[in-house]
file upload03.csv (CSV, C-alpha atoms)
chain,number,residue,atom,x,y,z
A,1,MET,CA,-42.6,180.6,-117.0
A,2,ALA,CA,-39.8,179.5,-119.2
A,3,ASP,CA,-36.7,177.9,-117.7
A,4,TYR,CA,-33.5,179.4,-119.1
A,5,THR,CA,-30.6,181.7,-118.2
A,6,VAL,CA,-29.7,184.7,-120.2
A,7,THR,CA,-26.1,184.8,-121.2
A,8,ARG,CA,-26.1,188.2,-122.8
A,9,THR,CA,-28.3,191.2,-123.2
A,10,LEU,CA,-28.3,193.1,-126.5
A,11,ASP,CA,-29.6,196.6,-126.2
A,12,TYR,CA,-31.1,197.8,-129.5
A,13,LYS,CA,-33.5,200.3,-128.0
A,14,GLY,CA,-34.4,203.1,-130.5
A,15,LEU,CA,-33.1,201.2,-133.5
A,16,ALA,CA,-35.4,200.9,-136.5
A,17,CYS,CA,-36.0,198.0,-139.0
A,18,PRO,CA,-33.9,196.2,-140.1
A,19,MET,CA,-31.2,196.9,-137.5
A,20,PRO,CA,-32.5,194.8,-134.6
A,21,ILE,CA,-32.5,191.7,-136.8
A,22,VAL,CA,-29.3,192.6,-138.6
A,23,LYS,CA,-27.4,193.2,-135.4
A,24,THR,CA,-28.8,190.2,-133.7
A,25,SER,CA,-27.8,187.9,-136.6
A,26,MET,CA,-24.2,189.3,-136.3
A,27,GLU,CA,-24.1,188.6,-132.5
A,28,ILE,CA,-25.6,185.1,-132.6
A,29,PRO,CA,-22.3,183.5,-133.9
A,30,LYS,CA,-20.5,185.0,-130.9
A,31,ILE,CA,-22.5,183.0,-128.3
A,32,ALA,CA,-22.4,179.2,-127.7
A,33,VAL,CA,-25.0,176.9,-129.2
A,34,GLY,CA,-27.8,176.5,-126.6
A,35,ASP,CA,-27.1,179.9,-125.0
A,36,VAL,CA,-29.9,182.5,-124.7
A,37,VAL,CA,-29.7,186.2,-125.5
A,38,GLU,CA,-32.1,188.8,-124.4
A,39,ILE,CA,-32.8,191.5,-126.9
A,40,LEU,CA,-34.2,194.9,-125.9
A,41,THR,CA,-36.0,196.7,-128.6
A,42,THR,CA,-38.5,199.5,-129.1
A,43,ASP,CA,-39.3,198.6,-132.7
A,44,PRO,CA,-42.8,197.2,-132.8
A,45,GLY,CA,-42.0,195.4,-136.0
A,46,SER,CA,-39.7,193.2,-134.1
A,47,ILE,CA,-42.6,191.3,-132.6
A,48,ALA,CA,-43.4,189.9,-136.1
A,49,ASP,CA,-39.9,190.0,-137.5
A,50,PHE,CA,-38.0,188.0,-134.9
A,51,PRO,CA,-40.2,184.9,-135.2
A,52,ALA,CA,-39.9,185.1,-139.0
A,53,TRP,CA,-36.1,185.5,-138.7
A,54,ALA,CA,-35.9,182.6,-136.2
A,55,LYS,CA,-38.0,180.3,-138.5
A,56,THR,CA,-35.7,181.0,-141.4
A,57,THR,CA,-32.4,180.8,-139.6
A,58,GLY,CA,-33.3,177.9,-137.4
A,59,HIS,CA,-33.0,179.6,-134.0
A,60,ALA,CA,-35.6,179.6,-131.3
A,61,ILE,CA,-37.7,182.4,-129.8
A,62,LEU,CA,-38.3,181.4,-126.3
A,63,GLU,CA,-40.4,184.3,-125.2
A,64,ILE,CA,-41.4,187.8,-126.2
A,65,LYS,CA,-42.3,190.1,-123.4
A,66,GLN,CA,-44.1,193.4,-124.0
A,67,GLU,CA,-43.7,196.2,-121.5
A,68,PRO,CA,-44.8,199.7,-122.0
A,69,GLY,CA,-42.3,201.2,-124.4
A,70,LEU,CA,-40.0,198.2,-124.4
A,71,ILE,CA,-40.0,194.7,-126.0
A,72,ARG,CA,-37.8,191.9,-124.6
A,73,ILE,CA,-37.1,189.0,-126.9
A,74,TYR,CA,-35.4,185.8,-125.8
A,75,VAL,CA,-33.5,184.0,-128.5
A,76,LYS,CA,-31.8,180.7,-128.1
A,77,ARG,CA,-29.0,179.8,-130.5
A,78,GLN,CA,-29.9,176.3,-131.9
A,79,LYS,CA,-27.0,175.6,-134.3
B,1,MET,CA,-47.8,160.3,-176.4
B,2,ASP,CA,-44.1,159.6,-176.2
B,3,VAL,CA,-43.3,159.2,-172.5
B,4,GLU,CA,-39.6,159.7,-172.9
B,5,LYS,CA,-40.1,162.9,-174.7
B,6,ALA,CA,-42.5,164.1,-172.0
B,7,ILE,CA,-39.9,163.3,-169.3
B,8,GLN,CA,-37.2,165.1,-171.3
B,9,GLU,CA,-39.4,168.2,-171.6
B,10,LEU,CA,-40.1,168.1,-167.8
B,11,LYS,CA,-36.4,167.8,-167.1
B,12,GLU,CA,-35.7,170.8,-169.2
B,13,GLN,CA,-38.4,172.8,-167.4
B,14,VAL,CA,-37.0,171.9,-164.0
B,15,GLU,CA,-33.5,172.9,-165.2
B,16,GLN,CA,-34.9,176.3,-166.4
B,17,ARG,CA,-36.4,177.1,-163.0
B,18,PRO,CA,-34.7,179.6,-160.7
B,19,GLY,CA,-32.0,177.9,-158.7
B,20,PRO,CA,-32.6,176.5,-155.2
B,21,GLU,CA,-29.7,178.3,-153.6
B,22,ASN,CA,-30.4,180.3,-150.5
B,23,LYS,CA,-29.3,183.4,-152.3
B,24,LEU,CA,-30.7,186.8,-153.2
B,25,THR,CA,-29.6,188.6,-156.4
B,26,MET,CA,-30.8,192.2,-156.6
B,27,ILE,CA,-30.4,194.7,-159.5
B,28,VAL,CA,-30.2,198.2,-158.2
B,29,MET,CA,-30.9,200.4,-161.2
B,30,SER,CA,-32.7,203.4,-159.6
B,31,GLY,CA,-30.9,206.5,-158.5
B,32,GLU,CA,-33.2,207.8,-155.8
B,33,LEU,CA,-32.7,207.8,-152.0
B,34,ASP,CA,-35.9,206.0,-151.1
B,35,LYS,CA,-35.2,203.1,-153.5
B,36,HIS,CA,-31.6,202.8,-152.4
B,37,LEU,CA,-32.8,202.6,-148.8
B,38,ALA,CA,-35.2,199.8,-149.7
B,39,ALA,CA,-32.5,198.0,-151.6
B,40,LEU,CA,-30.1,198.1,-148.6
B,41,ILE,CA,-32.8,197.2,-146.0
B,42,ILE,CA,-33.7,194.2,-148.1
B,43,ALA,CA,-30.1,193.2,-148.7
B,44,THR,CA,-29.0,193.5,-145.0
B,45,GLY,CA,-32.3,191.8,-143.9
B,46,ALA,CA,-31.7,188.9,-146.3
B,47,ALA,CA,-28.1,188.5,-145.1
B,48,ALA,CA,-29.5,188.5,-141.5
B,49,MET,CA,-31.9,185.7,-142.6
B,50,GLY,CA,-28.8,183.7,-143.6
B,51,MET,CA,-29.0,184.3,-147.3
B,52,LYS,CA,-26.1,185.0,-149.6
B,53,VAL,CA,-26.7,188.4,-151.1
B,54,VAL,CA,-25.4,189.8,-154.4
B,55,LEU,CA,-26.1,193.4,-155.4
B,56,PHE,CA,-25.6,194.4,-159.0
B,57,TYR,CA,-25.6,198.2,-159.4
B,58,THR,CA,-26.4,199.5,-162.9
B,59,PHE,CA,-27.2,202.7,-164.6
B,60,TRP,CA,-28.6,205.4,-162.2
B,61,GLY,CA,-27.8,203.1,-159.3
B,62,THR,CA,-24.0,203.3,-159.8
B,63,ALA,CA,-23.7,207.0,-158.8
B,64,ALA,CA,-24.8,206.1,-155.2
B,65,LEU,CA,-21.6,204.2,-154.8
B,66,ARG,CA,-19.4,207.2,-155.6
B,67,ASP,CA,-17.3,208.5,-152.7
B,68,TYR,CA,-17.9,212.2,-152.2
B,69,LYS,CA,-14.3,212.6,-151.0
B,70,LYS,CA,-12.7,211.0,-154.1
B,71,LYS,CA,-12.2,212.3,-157.6
B,72,ALA,CA,-11.1,210.4,-160.7
B,73,LYS,CA,-8.5,211.7,-163.0
B,74,ASN,CA,-8.2,211.5,-166.8
B,75,LYS,CA,-11.8,212.3,-167.7
B,76,ASN,CA,-12.8,213.9,-170.9
B,77,LEU,CA,-15.2,216.9,-171.1
B,78,ILE,CA,-18.4,214.8,-171.4
B,79,GLU,CA,-17.3,212.4,-168.7
B,80,LYS,CA,-16.6,215.4,-166.5
B,81,MET,CA,-20.0,216.9,-167.2
B,82,PHE,CA,-21.7,213.6,-166.3
B,83,GLY,CA,-19.6,213.6,-163.2
B,84,ILE,CA,-21.0,216.9,-162.2
B,85,MET,CA,-24.6,216.1,-163.2
B,86,LEU,CA,-24.8,212.8,-161.3
B,87,PRO,CA,-25.0,212.7,-157.5
B,88,ARG,CA,-21.6,212.3,-155.9
B,89,GLY,CA,-22.4,209.5,-153.6
B,90,ASN,CA,-25.4,208.4,-151.5
B,91,ARG,CA,-25.5,211.6,-149.5
B,92,ARG,CA,-26.6,213.5,-152.6
B,93,LEU,CA,-29.4,211.2,-153.5
B,94,ILE,CA,-32.9,212.7,-153.6
B,95,LEU,CA,-36.4,211.3,-153.0
B,96,SER,CA,-38.3,209.9,-156.0
B,97,LYS,CA,-41.4,211.8,-154.7
B,98,MET,CA,-41.9,214.8,-152.6
B,99,HIS,CA,-38.3,216.1,-153.1
B,100,MET,CA,-39.8,219.7,-153.2
B,101,MET,CA,-36.6,221.4,-154.2
B,102,GLY,CA,-34.7,219.7,-151.4
B,103,ALA,CA,-37.1,220.4,-148.6
B,104,GLY,CA,-38.8,217.0,-148.7
B,105,THR,CA,-35.5,215.1,-148.9
B,106,ALA,CA,-34.0,217.2,-146.0
B,107,MET,CA,-37.1,216.5,-144.0
B,108,ILE,CA,-36.9,212.7,-144.5
B,109,LYS,CA,-33.3,212.8,-143.6
B,110,ALA,CA,-34.0,214.7,-140.4
B,111,LEU,CA,-36.8,212.3,-139.6
B,112,MET,CA,-34.5,209.3,-140.2
B,113,LYS,CA,-32.0,210.7,-137.8
B,114,LYS,CA,-34.7,211.4,-135.2
B,115,LYS,CA,-36.2,208.0,-135.5
B,116,LYS,CA,-32.8,206.3,-135.7
B,117,VAL,CA,-33.4,204.8,-139.2
B,118,ALA,CA,-30.0,203.8,-140.4
B,119,GLY,CA,-28.6,205.9,-143.3
B,120,LEU,CA,-27.0,204.4,-146.4
B,121,ASP,CA,-23.4,204.8,-145.0
B,122,GLU,CA,-24.3,202.7,-142.0
B,123,MET,CA,-26.1,200.2,-144.2
B,124,TYR,CA,-23.1,199.7,-146.4
B,125,GLU,CA,-21.0,199.1,-143.3
B,126,MET,CA,-23.5,196.5,-142.1
B,127,ALA,CA,-23.7,194.9,-145.6
B,128,ALA,CA,-19.9,194.7,-145.8
B,129,ALA,CA,-19.7,193.1,-142.3
B,130,MET,CA,-22.2,190.5,-143.4
B,131,GLY,CA,-20.4,189.7,-146.7
B,132,VAL,CA,-22.9,191.2,-149.1
B,133,GLN,CA,-21.3,191.2,-152.5
B,134,ILE,CA,-21.5,194.3,-154.6
B,135,TYR,CA,-20.9,194.4,-158.4
B,136,VAL,CA,-20.9,197.6,-160.4
B,137,CYS,CA,-22.0,197.4,-164.0
B,138,GLU,CA,-18.9,198.0,-166.1
B,139,MET,CA,-20.9,199.2,-169.1
B,140,SER,CA,-22.8,201.8,-167.1
B,141,MET,CA,-19.6,203.2,-165.5
B,142,ASP,CA,-17.9,203.4,-168.9
B,143,LEU,CA,-21.0,205.1,-170.4
B,144,MET,CA,-21.1,207.7,-167.8
B,145,GLY,CA,-17.4,208.0,-167.4
B,146,MET,CA,-17.3,206.7,-163.8
B,147,LYS,CA,-14.2,205.0,-162.5
B,148,MET,CA,-13.7,202.5,-159.7
B,149,GLU,CA,-11.2,204.9,-158.1
B,150,GLU,CA,-14.0,207.3,-157.3
B,151,MET,CA,-16.1,204.6,-155.6
B,152,ILE,CA,-16.5,204.0,-151.9
B,153,ASP,CA,-14.2,201.6,-150.2
B,154,TYR,CA,-16.3,198.5,-150.0
B,155,PRO,CA,-14.6,195.1,-149.4
B,156,GLY,CA,-14.7,192.9,-152.5
B,157,MET,CA,-16.6,195.4,-154.7
B,158,LYS,CA,-15.8,194.7,-158.4
B,159,SER,CA,-17.0,195.8,-161.7
B,160,ALA,CA,-18.8,193.2,-163.8
B,161,GLY,CA,-21.1,192.6,-166.7
B,162,VAL,CA,-24.5,191.2,-167.3
B,163,ALA,CA,-23.3,187.6,-167.4
B,164,THR,CA,-22.0,187.8,-163.8
B,165,MET,CA,-25.4,189.0,-162.7
B,166,LEU,CA,-27.3,186.4,-164.7
B,167,ALA,CA,-25.1,183.6,-163.4
B,168,ASP,CA,-25.8,184.7,-159.8
B,169,ALA,CA,-29.5,185.3,-160.5
B,170,LYS,CA,-30.0,181.9,-162.1
B,171,GLU,CA,-28.9,180.0,-159.1
B,172,SER,CA,-30.7,182.3,-156.6
B,173,ALA,CA,-33.9,181.5,-154.9
B,174,MET,CA,-34.9,185.2,-155.1
B,175,GLN,CA,-34.2,187.9,-157.7
B,176,LEU,CA,-35.3,191.5,-157.3
B,177,PHE,CA,-35.1,194.6,-159.4
B,178,ILE,CA,-35.1,198.0,-157.8

call {"tool": "encode", "arguments": {"input": "upload03.csv", "output": "structure tokens"}}
result
Amino acid sequence: MADYTVTRTLDYKGLACPMPIVKTSMEIPKIAVGDVVEILTTDPGSIADFPAWAKTTGHAILEIKQEPGLIRIYVKRQK
Amino acid sequence: MDVEKAIQELKEQVEQRPGPENKLTMIVMSGELDKHLAALIIATGAAAMGMKVVLFYTFWGTAALRDYKKKAKNKNLIEKMFGIMLPRGNRRLILSKMHMMGAGTAMIKALMKKKKVAGLDEMYEMAAAMGVQIYVCEMSMDLMGMKMEEMIDYPGMKSAGVATMLADAKESAMQLFI
């Protein structure tokens, strides 16, 4: 299990592409570098999109948890 | 073979290549709902990926930026006719396929609402918040009698010409035409 504390949870349940990524990218500057946010989404595209977004923007995806009808993504602000 | 000449040629080739800037320049020429949705999804997505984004609206694309609540004054008869024929803002756009006299477009809009796919109004808000730059083609507006005063309130939106778009496109790592 990963070792981190979630500072904020962003609830983007029900939102479709590209909103989970767009809204996340607008919230990341509001947290401190090194902090972790939990993103709740129901958009299956997010499983592929968040790692792609993180790779380009330089942030880290710590974990992606899939539950029935819910996806939890843990993003760490790196810079 | 003249080495210096070859180097000079290579240099020129490198200089002619699209620029390395982390920027997307997109030309939005189409006037249909589906294509405008694609344009705005790509634009907001690219801004989320940390890219600078420049949208250049031209020809049929410009009507999507009209504000349905606003009316421009001092139009001649032909300009007025164009104003009536062209969609008054993004809510009047129709699908490029399966419009079916309005039924198809209405169905897609209902599905978008149900599945919480953001509409164009919300997309423009997001784009504005992320600093996406919008230029409207001056010549298209002039040709069709459109005026800036009938356009949506979008921060920093300006009318511009092809040189503005080309200058942006040349230094962008990605250029798209929709």

call {"tool": "closest_atom_pairs", "arguments": {"input": "upload03.csv", "of": "chain B", "to": "chain A", "cutoff": "6 Å", "atoms": "all atoms listed in the file", "output": "JSON lines"}}
result
{"residue": "B:Ala48", "atom": "CA", "partner": "A:Val22", "partner_atom": "CA", "distance": 5.0}
{"residue": "B:Met49", "atom": "CA", "partner": "A:Trp53", "partner_atom": "CA", "distance": 5.7}
{"residue": "B:Lys116", "atom": "CA", "partner": "A:Leu15", "partner_atom": "CA", "distance": 5.6}
{"residue": "B:Val117", "atom": "CA", "partner": "A:Ala16", "partner_atom": "CA", "distance": 5.1}

call {"tool": "closest_residue", "arguments": {"input": "upload03.csv", "among": "A:Ala32, A:Gly45, A:Thr9, A:Glu38", "to": "Lys65 (chain A)", "atoms": "all atoms listed in the file"}}
result
A:Glu38

call {"tool": "atom_distance", "arguments": {"input": "upload03.csv", "atom1": "CA of Gly31 (chain B)", "atom2": "CA of Leu95 (chain B)"}}
result
9.1 Å

call {"tool": "closest_residue", "arguments": {"input": "upload03.csv", "among": "B:Glu21, B:Glu125, B:Asp34, B:Asp2", "to": "Lys109 (chain B)", "atoms": "all atoms listed in the file"}}
result
B:Asp34

call {"tool": "closest_residue", "arguments": {"input": "upload03.csv", "among": "A:Ile28, A:Ala48, A:Leu10, A:Leu62", "to": "Lys79 (chain A)", "atoms": "only C-alpha atoms"}}
result
A:Ile28

call {"tool": "residues_near_point", "arguments": {"input": "upload03.csv", "point": "(-18.9, 191.3, -145.1)", "cutoff": "12 Å", "atoms": "all atoms listed in the file", "output": "PyMOL selection string"}}
result
(chain A and resi 26) or (chain B and resi 43-44+47-48+52-54+123-134+154-157)

call {"tool": "closest_residue", "arguments": {"input": "upload03.csv", "among": "A:Ile64, A:Asp43, A:Pro51, A:Val37", "to": "Arg8 (chain A)", "atoms": "all atoms listed in the file"}}
result
A:Val37

call {"tool": "closest_residue", "arguments": {"input": "upload03.csv", "among": "A:Tyr4, A:Tyr12, A:Ile71, A:Lys76", "to": "Asp35 (chain A)", "atoms": "all atoms listed in the file"}}
result
A:Lys76

call {"tool": "residues_near_point", "arguments": {"input": "upload03.csv", "point": "(-30.3, 205.1, -165.3)", "cutoff": "9 Å", "atoms": "all atoms listed in the file", "output": "PyMOL selection string"}}
result
chain B and resi 29-31+58-62+140

call {"tool": "closest_residue", "arguments": {"input": "upload03.csv", "among": "A:Asp3, A:Gln78, A:Asp49, A:Pro44", "to": "Gln66 (chain A)", "atoms": "all atoms listed in the file"}}
result
A:Pro44

call {"tool": "atom_distance", "arguments": {"input": "upload03.csv", "atom1": "CA of Val36 (chain A)", "atom2": "CA of Lys115 (chain B)"}}
result
28.4 Å

call {"tool": "atom_distance", "arguments": {"input": "upload03.csv", "atom1": "CA of Tyr74 (chain A)", "atom2": "CA of Ile39 (chain A)"}}
result
6.4 Å

call {"tool": "residues_around", "arguments": {"input": "upload03.csv", "residues": "Met51 (chain B)", "least_positions_apart": "3", "cutoff": "6 Å", "atoms": "all atoms listed in the file", "output": "MDAnalysis selection string"}}
result
chainID B and resid 22:23 46:47

call {"tool": "build_atoms", "arguments": {"input": "upload03.csv", "residues": "region 86-100 of chain B", "atoms": "N, CA and C atoms", "output": "PDB file, keeping the file's coordinate frame"}}
result
ATOM      1  N   LEU B  86     -24.323 213.945-162.143  1.00  0.00           N
ATOM      2  CA  LEU B  86     -24.800 212.800-161.300  1.00  0.00           C
ATOM      3  C   LEU B  86     -24.425 213.018-159.868  1.00  0.00           C
ATOM      4  N   PRO B  87     -25.257 212.485-158.965  1.00  0.00           N
ATOM      5  CA  PRO B  87     -25.000 212.700-157.500  1.00  0.00           C
ATOM      6  C   PRO B  87     -23.605 212.070-157.161  1.00  0.00           C
ATOM      7  N   ARG B  88     -22.853 212.831-156.385  1.00  0.00           N
ATOM      8  CA  ARG B  88     -21.600 212.300-155.900  1.00  0.00           C
ATOM      9  C   ARG B  88     -21.774 211.577-154.620  1.00  0.00           C
ATOM     10  N   GLY B  89     -22.214 210.340-154.766  1.00  0.00           N
ATOM     11  CA  GLY B  89     -22.400 209.500-153.600  1.00  0.00           C
ATOM     12  C   GLY B  89     -23.777 209.528-153.001  1.00  0.00           C
ATOM     13  N   ASN B  90     -23.996 208.620-152.034  1.00  0.00           N
ATOM     14  CA  ASN B  90     -25.400 208.400-151.500  1.00  0.00           C
ATOM     15  C   ASN B  90     -25.906 209.606-150.748  1.00  0.00           C
ATOM     16  N   ARG B  91     -25.021 210.488-150.263  1.00  0.00           N
ATOM     17  CA  ARG B  91     -25.500 211.600-149.500  1.00  0.00           C
ATOM     18  C   ARG B  91     -26.211 212.660-150.403  1.00  0.00           C
ATOM     19  N   ARG B  92     -25.949 212.559-151.706  1.00  0.00           N
ATOM     20  CA  ARG B  92     -26.600 213.500-152.600  1.00  0.00           C
ATOM     21  C   ARG B  92     -27.822 212.962-153.292  1.00  0.00           C
ATOM     22  N   LEU B  93     -28.242 211.764-152.920  1.00  0.00           N
ATOM     23  CA  LEU B  93     -29.400 211.200-153.500  1.00  0.00           C
ATOM     24  C   LEU B  93     -30.674 211.946-153.061  1.00  0.00           C
ATOM     25  N   ILE B  94     -31.678 212.014-153.941  1.00  0.00           N
ATOM     26  CA  ILE B  94     -32.900 212.700-153.600  1.00  0.00           C
ATOM     27  C   ILE B  94     -34.097 211.725-153.631  1.00  0.00           C
ATOM     28  N   LEU B  95     -35.194 212.097-153.016  1.00  0.00           N
ATOM     29  CA  LEU B  95     -36.400 211.300-153.000  1.00  0.00           C
ATOM     30  C   LEU B  95     -37.008 211.182-154.409  1.00  0.00           C
ATOM     31  N   SER B  96     -37.658 210.056-154.717  1.00  0.00           N
ATOM     32  CA  SER B  96     -38.300 209.900-156.000  1.00  0.00           C
ATOM     33  C   SER B  96     -39.633 210.704-156.032  1.00  0.00           C
ATOM     34  N   LYS B  97     -40.191 210.942-154.861  1.00  0.00           N
ATOM     35  CA  LYS B  97     -41.400 211.800-154.700  1.00  0.00           C
ATOM     36  C   LYS B  97     -41.171 212.758-153.609  1.00  0.00           C
ATOM     37  N   MET B  98     -41.888 213.867-153.655  1.00  0.00           N
ATOM     38  CA  MET B  98     -41.900 214.800-152.600  1.00  0.00           C
ATOM     39  C   MET B  98     -40.463 215.390-152.270  1.00  0.00           C
ATOM     40  N   HIS B  99     -39.643 215.530-153.314  1.00  0.00           N
ATOM     41  CA  HIS B  99     -38.300 216.100-153.100  1.00  0.00           C
ATOM     42  C   HIS B  99     -38.499 217.617-152.743  1.00  0.00           C
ATOM     43  N   MET B 100     -39.440 218.244-153.396  1.00  0.00           N
ATOM     44  CA  MET B 100     -39.800 219.700-153.200  1.00  0.00           C
ATOM     45  C   MET B 100     -38.584 220.570-153.066  1.00  0.00           C
TER      46      MET B 100
END
